[in-house]
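target-v4.pdb (PDB, C-alpha atoms, pLDDT in the B column) appears below.
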MODEL        1
ATOM      1  CA  MET Y 108     267.936 191.477  27.402  1.00 76.00           C
ATOM      2  CA  ASN Y 109     264.780 192.570  25.574  1.00 95.00           C
ATOM      3  CA  GLU Y 110     262.645 190.421  23.274  1.00 98.00           C
ATOM      4  CA  ARG Y 111     263.404 192.462  20.144  1.00 98.00           C
ATOM      5  CA  THR Y 112     267.173 192.125  20.620  1.00 98.00           C
ATOM      6  CA  ILE Y 113     266.870 188.343  20.807  1.00 98.00           C
ATOM      7  CA  ALA Y 114     264.511 188.312  17.809  1.00 98.00           C
ATOM      8  CA  LEU Y 115     266.997 190.287  15.711  1.00 98.00           C
ATOM      9  CA  ASP Y 116     269.806 187.982  16.866  1.00 98.00           C
ATOM     10  CA  LEU Y 117     267.848 184.940  15.706  1.00 98.00           C
ATOM     11  CA  LEU Y 118     267.062 186.537  12.350  1.00 97.00           C
ATOM     12  CA  LYS Y 119     270.650 187.680  11.809  1.00 97.00           C
ATOM     13  CA  ILE Y 120     272.144 184.207  12.133  1.00 97.00           C
ATOM     14  CA  LYS Y 121     269.129 182.522  10.464  1.00 96.00           C
ATOM     15  CA  ALA Y 122     268.340 180.508  13.557  1.00 97.00           C
ATOM     16  CA  VAL Y 123     264.817 181.612  12.694  1.00 95.00           C
ATOM     17  CA  PHE Y 124     264.187 181.882   8.966  1.00 92.00           C
ATOM     18  CA  LEU Y 125     260.992 183.312   7.442  1.00 96.00           C
ATOM     19  CA  ARG Y 126     259.898 182.212   3.970  1.00 95.00           C
ATOM     20  CA  PRO Y 127     256.156 182.856   3.531  1.00 95.00           C
ATOM     21  CA  ASP Y 128     256.199 182.480  -0.267  1.00 94.00           C
ATOM     22  CA  GLU Y 129     258.138 179.198  -0.217  1.00 95.00           C
ATOM     23  CA  PRO Y 130     257.005 177.495   2.984  1.00 95.00           C
ATOM     24  CA  PHE Y 131     258.892 174.696   4.680  1.00 94.00           C
ATOM     25  CA  THR Y 132     257.233 171.324   5.236  1.00 93.00           C
ATOM     26  CA  TRP Y 133     257.156 170.052   8.816  1.00 84.00           C
ATOM     27  CA  ALA Y 134     257.329 166.330   9.623  1.00 78.00           C
ATOM     28  CA  SER Y 135     253.568 166.495  10.230  1.00 79.00           C
ATOM     29  CA  GLY Y 136     253.050 167.664   6.648  1.00 86.00           C
ATOM     30  CA  ILE Y 137     252.076 171.191   7.709  1.00 87.00           C
ATOM     31  CA  LYS Y 138     253.327 173.937   5.414  1.00 92.00           C
ATOM     32  CA  SER Y 139     255.141 176.480   7.544  1.00 94.00           C
ATOM     33  CA  PRO Y 140     256.458 179.963   6.683  1.00 96.00           C
ATOM     34  CA  ILE Y 141     258.966 179.707   9.527  1.00 95.00           C
ATOM     35  CA  TYR Y 142     261.942 177.464  10.223  1.00 93.00           C
ATOM     36  CA  CYS Y 143     263.642 177.479  13.614  1.00 94.00           C
ATOM     37  CA  ASP Y 144     267.010 175.996  14.607  1.00 95.00           C
ATOM     38  CA  ASN Y 145     268.159 177.636  17.817  1.00 96.00           C
ATOM     39  CA  ARG Y 146     271.213 175.367  18.004  1.00 96.00           C
ATOM     40  CA  LEU Y 147     272.821 177.955  15.733  1.00 97.00           C
ATOM     41  CA  THR Y 148     272.885 180.390  18.663  1.00 98.00           C
ATOM     42  CA  LEU Y 149     275.706 178.333  20.163  1.00 98.00           C
ATOM     43  CA  SER Y 150     277.917 178.935  17.119  1.00 98.00           C
ATOM     44  CA  ASP Y 151     277.828 182.742  17.252  1.00 98.00           C
ATOM     45  CA  PRO Y 152     279.676 184.188  20.291  1.00 98.00           C
ATOM     46  CA  GLU Y 153     277.742 187.480  20.378  1.00 98.00           C
ATOM     47  CA  VAL Y 154     274.335 185.837  20.042  1.00 98.00           C
ATOM     48  CA  ARG Y 155     275.312 183.120  22.504  1.00 98.00           C
ATOM     49  CA  HIS Y 156     276.237 185.850  24.997  1.00 98.00           C
ATOM     50  CA  ASP Y 157     272.848 187.529  24.533  1.00 98.00           C
ATOM     51  CA  VAL Y 158     270.932 184.273  24.898  1.00 98.00           C
ATOM     52  CA  GLU Y 159     272.755 182.917  27.946  1.00 98.00           C
ATOM     53  CA  HIS Y 160     272.801 186.218  29.824  1.00 98.00           C
ATOM     54  CA  GLY Y 161     269.190 186.667  28.786  1.00 98.00           C
ATOM     55  CA  PHE Y 162     268.414 183.301  30.360  1.00 98.00           C
ATOM     56  CA  ALA Y 163     270.255 184.264  33.542  1.00 98.00           C
ATOM     57  CA  GLU Y 164     268.265 187.513  33.786  1.00 98.00           C
ATOM     58  CA  LEU Y 165     264.992 185.699  33.028  1.00 98.00           C
ATOM     59  CA  VAL Y 166     265.529 182.985  35.644  1.00 98.00           C
ATOM     60  CA  ALA Y 167     266.576 185.520  38.299  1.00 98.00           C
ATOM     61  CA  ARG Y 168     263.519 187.657  37.555  1.00 98.00           C
ATOM     62  CA  GLU Y 169     260.798 185.035  36.960  1.00 98.00           C
ATOM     63  CA  TYR Y 170     262.073 182.145  39.094  1.00 98.00           C
ATOM     64  CA  PRO Y 171     264.131 183.717  41.909  1.00 98.00           C
ATOM     65  CA  ASP Y 172     263.843 180.566  44.058  1.00 98.00           C
ATOM     66  CA  ALA Y 173     265.441 178.311  41.426  1.00 98.00           C
ATOM     67  CA  GLU Y 174     267.897 175.790  42.873  1.00 98.00           C
ATOM     68  CA  VAL Y 175     268.667 173.652  39.800  1.00 98.00           C
ATOM     69  CA  LEU Y 176     268.521 174.166  36.017  1.00 98.00           C
ATOM     70  CA  MET Y 177     267.549 171.172  33.895  1.00 98.00           C
ATOM     71  CA  GLY Y 178     268.100 171.240  30.141  1.00 98.00           C
ATOM     72  CA  THR Y 179     265.948 169.381  27.658  1.00 96.00           C
ATOM     73  CA  SER Y 180     267.748 166.768  25.587  1.00 93.00           C
ATOM     74  CA  THR Y 181     269.478 167.612  23.423  1.00 91.00           C
ATOM     75  CA  ALA Y 182     268.949 171.230  22.439  1.00 94.00           C
ATOM     76  CA  GLY Y 183     268.585 172.650  25.939  1.00 96.00           C
ATOM     77  CA  ILE Y 184     271.620 170.992  27.513  1.00 97.00           C
ATOM     78  CA  ALA Y 185     274.308 173.477  26.469  1.00 98.00           C
ATOM     79  CA  HIS Y 186     272.088 176.451  27.320  1.00 98.00           C
ATOM     80  CA  ALA Y 187     271.365 175.035  30.769  1.00 98.00           C
ATOM     81  CA  ALA Y 188     275.075 174.410  31.370  1.00 98.00           C
ATOM     82  CA  ILE Y 189     276.186 177.899  30.356  1.00 98.00           C
ATOM     83  CA  THR Y 190     273.366 179.639  32.219  1.00 98.00           C
ATOM     84  CA  ALA Y 191     274.018 177.550  35.332  1.00 98.00           C
ATOM     85  CA  TYR Y 192     277.686 178.551  35.162  1.00 98.00           C
ATOM     86  CA  ILE Y 193     276.752 182.246  34.945  1.00 98.00           C
ATOM     87  CA  MET Y 194     274.344 181.921  37.873  1.00 98.00           C
ATOM     88  CA  GLY Y 195     276.439 179.576  40.004  1.00 98.00           C
ATOM     89  CA  LEU Y 196     273.712 176.921  40.023  1.00 98.00           C
ATOM     90  CA  PRO Y 197     273.845 173.151  39.600  1.00 98.00           C
ATOM     91  CA  MET Y 198     272.444 171.699  36.379  1.00 98.00           C
ATOM     92  CA  GLY Y 199     271.486 168.464  34.725  1.00 98.00           C
ATOM     93  CA  TYR Y 200     269.360 167.338  31.840  1.00 97.00           C
ATOM     94  CA  VAL Y 201     266.380 165.174  31.023  1.00 97.00           C
ATOM     95  CA  ARG Y 202     266.533 162.547  28.301  1.00 91.00           C
ATOM     96  CA  SER Y 203     263.658 162.039  25.880  1.00 79.00           C
ATOM     97  CA  GLY Y 204     263.473 158.496  27.269  1.00 62.00           C
ATOM     98  CA  ALA Y 205     265.220 156.393  29.893  1.00 54.00           C
ATOM     99  CA  LYS Y 206     268.535 154.776  28.975  1.00 46.00           C
ATOM    100  CA  ASP Y 207     268.340 151.093  28.098  1.00 46.00           C
ATOM    101  CA  HIS Y 208     271.579 150.314  29.948  1.00 44.00           C
ATOM    102  CA  GLY Y 209     273.428 151.141  33.168  1.00 42.00           C
ATOM    103  CA  ARG Y 210     271.115 152.668  35.752  1.00 50.00           C
ATOM    104  CA  ASN Y 211     268.407 153.361  33.156  1.00 58.00           C
ATOM    105  CA  ASN Y 212     268.424 157.042  34.047  1.00 80.00           C
ATOM    106  CA  ARG Y 213     266.178 159.532  32.349  1.00 90.00           C
ATOM    107  CA  ILE Y 214     267.333 162.438  34.499  1.00 95.00           C
ATOM    108  CA  GLU Y 215     271.081 163.014  34.407  1.00 95.00           C
ATOM    109  CA  GLY Y 216     272.803 164.999  37.142  1.00 96.00           C
ATOM    110  CA  LYS Y 217     272.089 165.234  40.851  1.00 95.00           C
ATOM    111  CA  LEU Y 218     268.486 166.026  41.762  1.00 97.00           C
ATOM    112  CA  GLU Y 219     267.125 165.889  45.295  1.00 96.00           C
ATOM    113  CA  LYS Y 220     263.435 165.465  46.036  1.00 96.00           C
ATOM    114  CA  GLY Y 221     261.789 168.806  46.713  1.00 97.00           C
ATOM    115  CA  GLN Y 222     264.397 170.869  44.847  1.00 98.00           C
ATOM    116  CA  LYS Y 223     263.063 173.817  42.909  1.00 98.00           C
ATOM    117  CA  VAL Y 224     263.825 173.338  39.208  1.00 98.00           C
ATOM    118  CA  VAL Y 225     263.651 175.476  36.082  1.00 98.00           C
ATOM    119  CA  VAL Y 226     263.618 173.691  32.731  1.00 98.00           C
ATOM    120  CA  ILE Y 227     265.778 175.278  30.028  1.00 98.00           C
ATOM    121  CA  GLU Y 228     264.320 174.771  26.551  1.00 98.00           C
ATOM    122  CA  ASP Y 229     265.323 176.081  23.120  1.00 96.00           C
ATOM    123  CA  LEU Y 230     261.901 176.170  21.452  1.00 96.00           C
ATOM    124  CA  ILE Y 231     258.236 175.892  22.377  1.00 94.00           C
ATOM    125  CA  SER Y 232     256.070 174.824  19.445  1.00 89.00           C
ATOM    126  CA  THR Y 233     253.118 172.648  20.485  1.00 85.00           C
ATOM    127  CA  GLY Y 234     254.483 172.277  24.026  1.00 89.00           C
ATOM    128  CA  GLY Y 235     254.172 168.493  24.163  1.00 91.00           C
ATOM    129  CA  SER Y 236     257.829 167.525  24.600  1.00 92.00           C
ATOM    130  CA  SER Y 237     258.431 170.252  27.180  1.00 95.00           C
ATOM    131  CA  ILE Y 238     255.494 169.076  29.267  1.00 95.00           C
ATOM    132  CA  GLU Y 239     256.867 165.506  29.176  1.00 95.00           C
ATOM    133  CA  VAL Y 240     260.140 166.792  30.652  1.00 96.00           C
ATOM    134  CA  VAL Y 241     258.283 168.646  33.400  1.00 97.00           C
ATOM    135  CA  GLU Y 242     256.248 165.538  34.209  1.00 96.00           C
ATOM    136  CA  ALA Y 243     259.400 163.401  34.431  1.00 96.00           C
ATOM    137  CA  LEU Y 244     260.912 165.869  36.890  1.00 97.00           C
ATOM    138  CA  ARG Y 245     257.728 166.006  38.941  1.00 97.00           C
ATOM    139  CA  GLU Y 246     257.632 162.200  39.102  1.00 95.00           C
ATOM    140  CA  ALA Y 247     261.199 162.323  40.439  1.00 95.00           C
ATOM    141  CA  GLY Y 248     260.028 164.580  43.272  1.00 97.00           C
ATOM    142  CA  ALA Y 249     261.189 167.950  41.954  1.00 98.00           C
ATOM    143  CA  GLU Y 250     259.188 171.140  42.340  1.00 98.00           C
ATOM    144  CA  VAL Y 251     259.177 172.516  38.800  1.00 98.00           C
ATOM    145  CA  LEU Y 252     258.859 176.292  38.911  1.00 98.00           C
ATOM    146  CA  GLY Y 253     258.494 176.540  35.139  1.00 98.00           C
ATOM    147  CA  ILE Y 254     260.240 176.682  31.785  1.00 98.00           C
ATOM    148  CA  ALA Y 255     262.622 179.266  30.341  1.00 98.00           C
ATOM    149  CA  SER Y 256     262.856 179.050  26.546  1.00 98.00           C
ATOM    150  CA  ILE Y 257     264.605 180.950  23.789  1.00 98.00           C
ATOM    151  CA  PHE Y 258     261.610 181.227  21.480  1.00 98.00           C
ATOM    152  CA  THR Y 259     257.930 180.338  21.351  1.00 96.00           C
ATOM    153  CA  TYR Y 260     255.548 180.293  18.406  1.00 94.00           C
ATOM    154  CA  ASN Y 261     252.716 181.502  20.684  1.00 92.00           C
ATOM    155  CA  MET Y 262     250.436 178.880  19.176  1.00 91.00           C
ATOM    156  CA  LYS Y 263     247.043 178.451  20.795  1.00 89.00           C
ATOM    157  CA  LYS Y 264     247.652 174.707  21.188  1.00 89.00           C
ATOM    158  CA  SER Y 265     250.825 175.206  23.214  1.00 93.00           C
ATOM    159  CA  VAL Y 266     249.291 177.917  25.411  1.00 93.00           C
ATOM    160  CA  GLU Y 267     246.334 175.653  26.226  1.00 95.00           C
ATOM    161  CA  ARG Y 268     248.519 172.575  26.817  1.00 95.00           C
ATOM    162  CA  LEU Y 269     250.844 174.395  29.185  1.00 96.00           C
ATOM    163  CA  ALA Y 270     247.917 175.863  31.099  1.00 96.00           C
ATOM    164  CA  GLU Y 271     246.252 172.437  31.443  1.00 96.00           C
ATOM    165  CA  ALA Y 272     249.508 170.941  32.746  1.00 96.00           C
ATOM    166  CA  ASN Y 273     249.958 173.882  35.146  1.00 97.00           C
ATOM    167  CA  VAL Y 274     253.300 174.772  33.574  1.00 97.00           C
ATOM    168  CA  LYS Y 275     254.589 178.334  33.332  1.00 98.00           C
ATOM    169  CA  ASN Y 276     256.758 179.269  30.349  1.00 97.00           C
ATOM    170  CA  VAL Y 277     258.642 182.517  29.803  1.00 98.00           C
ATOM    171  CA  SER Y 278     260.516 182.982  26.535  1.00 98.00           C
ATOM    172  CA  LEU Y 279     263.342 185.318  25.588  1.00 98.00           C
ATOM    173  CA  SER Y 280     261.432 186.171  22.418  1.00 98.00           C
ATOM    174  CA  ASN Y 281     258.330 185.084  20.558  1.00 97.00           C
ATOM    175  CA  PHE Y 282     256.624 184.837  17.183  1.00 97.00           C
ATOM    176  CA  ASP Y 283     254.802 188.174  17.356  1.00 97.00           C
ATOM    177  CA  VAL Y 284     257.868 190.172  18.371  1.00 98.00           C
ATOM    178  CA  LEU Y 285     259.962 188.436  15.723  1.00 98.00           C
ATOM    179  CA  ILE Y 286     257.662 189.029  12.760  1.00 97.00           C
ATOM    180  CA  ALA Y 287     257.220 192.689  13.732  1.00 97.00           C
ATOM    181  CA  ALA Y 288     261.007 193.111  13.887  1.00 97.00           C
ATOM    182  CA  ALA Y 289     261.400 191.173  10.621  1.00 98.00           C
ATOM    183  CA  ALA Y 290     259.010 193.523   8.823  1.00 97.00           C
ATOM    184  CA  GLU Y 291     260.693 196.623  10.260  1.00 97.00           C
ATOM    185  CA  GLU Y 292     264.153 195.399   9.219  1.00 97.00           C
ATOM    186  CA  GLY Y 293     263.166 194.238   5.725  1.00 96.00           C
ATOM    187  CA  TYR Y 294     263.368 190.481   6.230  1.00 96.00           C
ATOM    188  CA  ILE Y 295     259.738 190.204   5.108  1.00 96.00           C
ATOM    189  CA  ALA Y 296     257.242 192.567   3.489  1.00 96.00           C
ATOM    190  CA  PRO Y 297     254.915 194.425   5.888  1.00 95.00           C
ATOM    191  CA  ALA Y 298     251.972 192.754   4.142  1.00 93.00           C
ATOM    192  CA  ASP Y 299     253.294 189.360   5.247  1.00 96.00           C
ATOM    193  CA  VAL Y 300     252.728 190.095   8.939  1.00 96.00           C
ATOM    194  CA  GLU Y 301     249.008 189.313   8.853  1.00 95.00           C
ATOM    195  CA  ARG Y 302     249.617 186.147   6.805  1.00 95.00           C
ATOM    196  CA  LEU Y 303     252.084 184.931   9.400  1.00 96.00           C
ATOM    197  CA  LYS Y 304     249.694 185.687  12.242  1.00 95.00           C
ATOM    198  CA  ARG Y 305     247.035 183.611  10.484  1.00 95.00           C
ATOM    199  CA  PHE Y 306     249.483 180.722  10.320  1.00 95.00           C
ATOM    200  CA  ARG Y 307     250.224 181.090  14.038  1.00 93.00           C
ATOM    201  CA  ASP Y 308     246.515 181.016  14.881  1.00 92.00           C
ATOM    202  CA  ASN Y 309     245.825 177.874  12.842  1.00 92.00           C
ATOM    203  CA  PRO Y 310     248.855 176.105  11.328  1.00 91.00           C
ATOM    204  CA  SER Y 311     246.690 173.337   9.843  1.00 89.00           C
ATOM    205  CA  ASP Y 312     244.715 175.778   7.690  1.00 92.00           C
ATOM    206  CA  GLU Y 313     246.765 176.669   4.602  1.00 92.00           C
ATOM    207  CA  GLY Y 314     244.472 179.617   3.903  1.00 93.00           C
ATOM    208  CA  TRP Y 315     247.185 181.883   5.337  1.00 94.00           C
ATOM    209  CA  ARG Y 316     249.203 181.331   2.140  1.00 91.00           C
ATOM    210  CA  ASN Y 317     246.642 183.200   0.035  1.00 86.00           C
ATOM    211  CA  ALA Y 318     245.600 185.806   2.597  1.00 72.00           C
TER     212      ALA Y 318
ENDMDL
END

Hey, can you dump this file as structure tokens for me?
Amino acid sequence: MNERTIALDLLKIKAVFLRPDEPFTWASGIKSPIYCDNRLTLSDPEVRHDVEHGFAELVAREYPDAEVLMGTSTAGIAHAAITAYIMGLPMGYVRSGAKDHGRNNRIEGKLEKGQKVVVIEDLISTGGSSIEVVEALREAGAEVLGIASIFTYNMKKSVERLAEANVKNVSLSNFDVLIAAAAEEGYIAPADVERLKRFRDNPSDEGWRNA
């Protein structure tokens, strides 16, 4: 499954929506020309097929020694389950925090120390939450081979964070591929491509809006 196919899938179902002239406001207050909700991929059978088989191909290619898939809570759980079914692998998921009842688990599903794990994630933005999941798995004794994600913004902050944490990420598609496809297919004007790249390089600087 190539990156452009996934990018067009995301644009078609508005899982990724580009609006450079009327930017969205993130919780941080940053004005963003892009909105991403990859949960929508689960609602479209054709796109879901592309994403899950894309994940299976990616894991087999990039992480051939994978023994367990672990989804991030909550967005990565369904993707991990479907991909694990396709590949015949066990799966589980990692909570954002430990439960406050029962066995106080943070990791759900069977995980043996030393098992080789791939984390299934829907979106990489700054990378912080994904790294927390990897660290939780490492603390539990897993050997984390890396992350497989649907989409990444390719932001400098996330690239640096992942490198510092020694975490590999491979995405089915990414910001640069998506905006190029969006311009080619008429979702945005060709002139918007450079504006969007400026946002990617420095989201905190609103100068991209007037570029």

Please evaluate the PyMOL selection byres ((chain Y and resi 264) around 12) against the displayed coordinates and give the resulting residues as a VMD selection string. chain Y and resid 231 to 235 259 to 263 265 to 271 307 to 311

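Atom CA of Y:Trp315 sits 25.9 Å away from atom CA of Y:Ile113.
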
Please write the residues picked by the PyMOL selection byres ((chain Y and resi 151-165) around 8) on this file as a list in words. Met108, Ile113, Asp116, Leu117, Ile120, Leu147, Thr148, Leu149, Ser150, Val166, Ala167, Arg168, Glu169, Tyr170, His186, Ile189, Thr190, Ala191, Ile193, Met194, Ala255, Ser256, Ile257, Val277 and Leu279 of chain Y

What is the atom CA of Y:Leu244-atom CA of Y:Leu196 distance in Å, reported with one decimal?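 Taking atom CA of Y:Leu244 and atom CA of Y:Leu196, their separation equals 17.2 Å.
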
So what does the PyMOL selection byres ((chain Y and resi 239-242) around 8) actually pick up in this one, as number ranges by chain? Y: 179, 201, 203, 226, 235-238, 243-246, 251, 274

Surrounding residues of stretch 290-299 of chain Y excluding itself and chain neighbours under 2 positions, 9 Å, only C-alpha atoms, as a ChimeraX atom specification: /Y:115,118,125-127,285-288,301-304,318

Please measure the separation of atom CA of Y:Ile254 and atom CA of Y:Glu228, giving the value in Å to one decimal.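 Computed distance, atom CA of Y:Ile254 to atom CA of Y:Glu228, equals 6.9 Å.
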
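Minimum distance to Y:Ala173 across Y:Arg202, Y:Phe306, Y:Val284, Y:Gly221 (counting all atoms listed in the file) occurs at Y:Gly221.
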
Of the listed residues Y:Met198, Y:Val224, Y:Leu230, Y:Ala114, that which approaches Y:Phe258 most closely, counting all atoms listed in the file: Y:Leu230

Taking only N, CA and C atoms, show stretch 146-165 of chain Y of the given structure as an mmCIF file, in the first residue's frame.
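So the final result, stored in out22.cif, reads:
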data_model
loop_
_atom_site.group_PDB
_atom_site.id
_atom_site.type_symbol
_atom_site.label_atom_id
_atom_site.label_comp_id
_atom_site.auth_asym_id
_atom_site.auth_seq_id
_atom_site.Cartn_x
_atom_site.Cartn_y
_atom_site.Cartn_z
ATOM 1 N N ARG Y 146 -9.892 8.063 13.325
ATOM 2 C CA ARG Y 146 -10.931 7.110 13.731
ATOM 3 C C ARG Y 146 -11.940 6.903 12.605
ATOM 4 N N LEU Y 147 -12.066 7.901 11.745
ATOM 5 C CA LEU Y 147 -13.010 7.795 10.624
ATOM 6 C C LEU Y 147 -12.629 6.682 9.659
ATOM 7 N N THR Y 148 -11.381 6.256 9.668
ATOM 8 C CA THR Y 148 -10.967 5.173 8.761
ATOM 9 C C THR Y 148 -11.691 3.872 9.097
ATOM 10 N N LEU Y 149 -12.107 3.723 10.340
ATOM 11 C CA LEU Y 149 -12.799 2.500 10.747
ATOM 12 C C LEU Y 149 -14.218 2.433 10.193
ATOM 13 N N SER Y 150 -14.780 3.575 9.830
ATOM 14 C CA SER Y 150 -16.170 3.634 9.380
ATOM 15 C C SER Y 150 -16.338 3.413 7.882
ATOM 16 N N ASP Y 151 -15.249 3.430 7.145
ATOM 17 C CA ASP Y 151 -15.306 3.248 5.690
ATOM 18 C C ASP Y 151 -14.637 1.916 5.339
ATOM 19 N N PRO Y 152 -15.401 0.927 4.874
ATOM 20 C CA PRO Y 152 -14.831 -0.411 4.626
ATOM 21 C C PRO Y 152 -13.639 -0.421 3.673
ATOM 22 N N GLU Y 153 -13.697 0.360 2.591
ATOM 23 C CA GLU Y 153 -12.598 0.354 1.624
ATOM 24 C C GLU Y 153 -11.332 0.963 2.224
ATOM 25 N N VAL Y 154 -11.501 2.092 2.906
ATOM 26 C CA VAL Y 154 -10.342 2.744 3.527
ATOM 27 C C VAL Y 154 -9.803 1.888 4.667
ATOM 28 N N ARG Y 155 -10.703 1.307 5.443
ATOM 29 C CA ARG Y 155 -10.271 0.417 6.525
ATOM 30 C C ARG Y 155 -9.443 -0.741 5.971
ATOM 31 N N HIS Y 156 -9.865 -1.291 4.852
ATOM 32 C CA HIS Y 156 -9.113 -2.375 4.205
ATOM 33 C C HIS Y 156 -7.707 -1.893 3.843
ATOM 34 N N ASP Y 157 -7.620 -0.705 3.235
ATOM 35 C CA ASP Y 157 -6.316 -0.180 2.833
ATOM 36 C C ASP Y 157 -5.411 0.041 4.045
ATOM 37 N N VAL Y 158 -5.972 0.613 5.100
ATOM 38 C CA VAL Y 158 -5.178 0.915 6.285
ATOM 39 C C VAL Y 158 -4.695 -0.359 6.973
ATOM 40 N N GLU Y 159 -5.595 -1.302 7.207
ATOM 41 C CA GLU Y 159 -5.207 -2.494 7.967
ATOM 42 C C GLU Y 159 -4.262 -3.396 7.171
ATOM 43 N N HIS Y 160 -4.512 -3.547 5.879
ATOM 44 C CA HIS Y 160 -3.574 -4.327 5.069
ATOM 45 C C HIS Y 160 -2.271 -3.566 4.875
ATOM 46 N N GLY Y 161 -2.367 -2.240 4.856
ATOM 47 C CA GLY Y 161 -1.150 -1.433 4.823
ATOM 48 C C GLY Y 161 -0.321 -1.647 6.074
ATOM 49 N N PHE Y 162 -0.980 -1.677 7.221
ATOM 50 C CA PHE Y 162 -0.279 -1.966 8.478
ATOM 51 C C PHE Y 162 0.378 -3.350 8.439
ATOM 52 N N ALA Y 163 -0.354 -4.340 7.958
ATOM 53 C CA ALA Y 163 0.189 -5.695 7.915
ATOM 54 C C ALA Y 163 1.437 -5.749 7.031
ATOM 55 N N GLU Y 164 1.389 -5.071 5.884
ATOM 56 C CA GLU Y 164 2.547 -5.021 4.989
ATOM 57 C C GLU Y 164 3.711 -4.288 5.659
ATOM 58 N N LEU Y 165 3.386 -3.162 6.323
ATOM 59 C CA LEU Y 165 4.427 -2.353 6.970
ATOM 60 C C LEU Y 165 5.123 -3.149 8.076
#
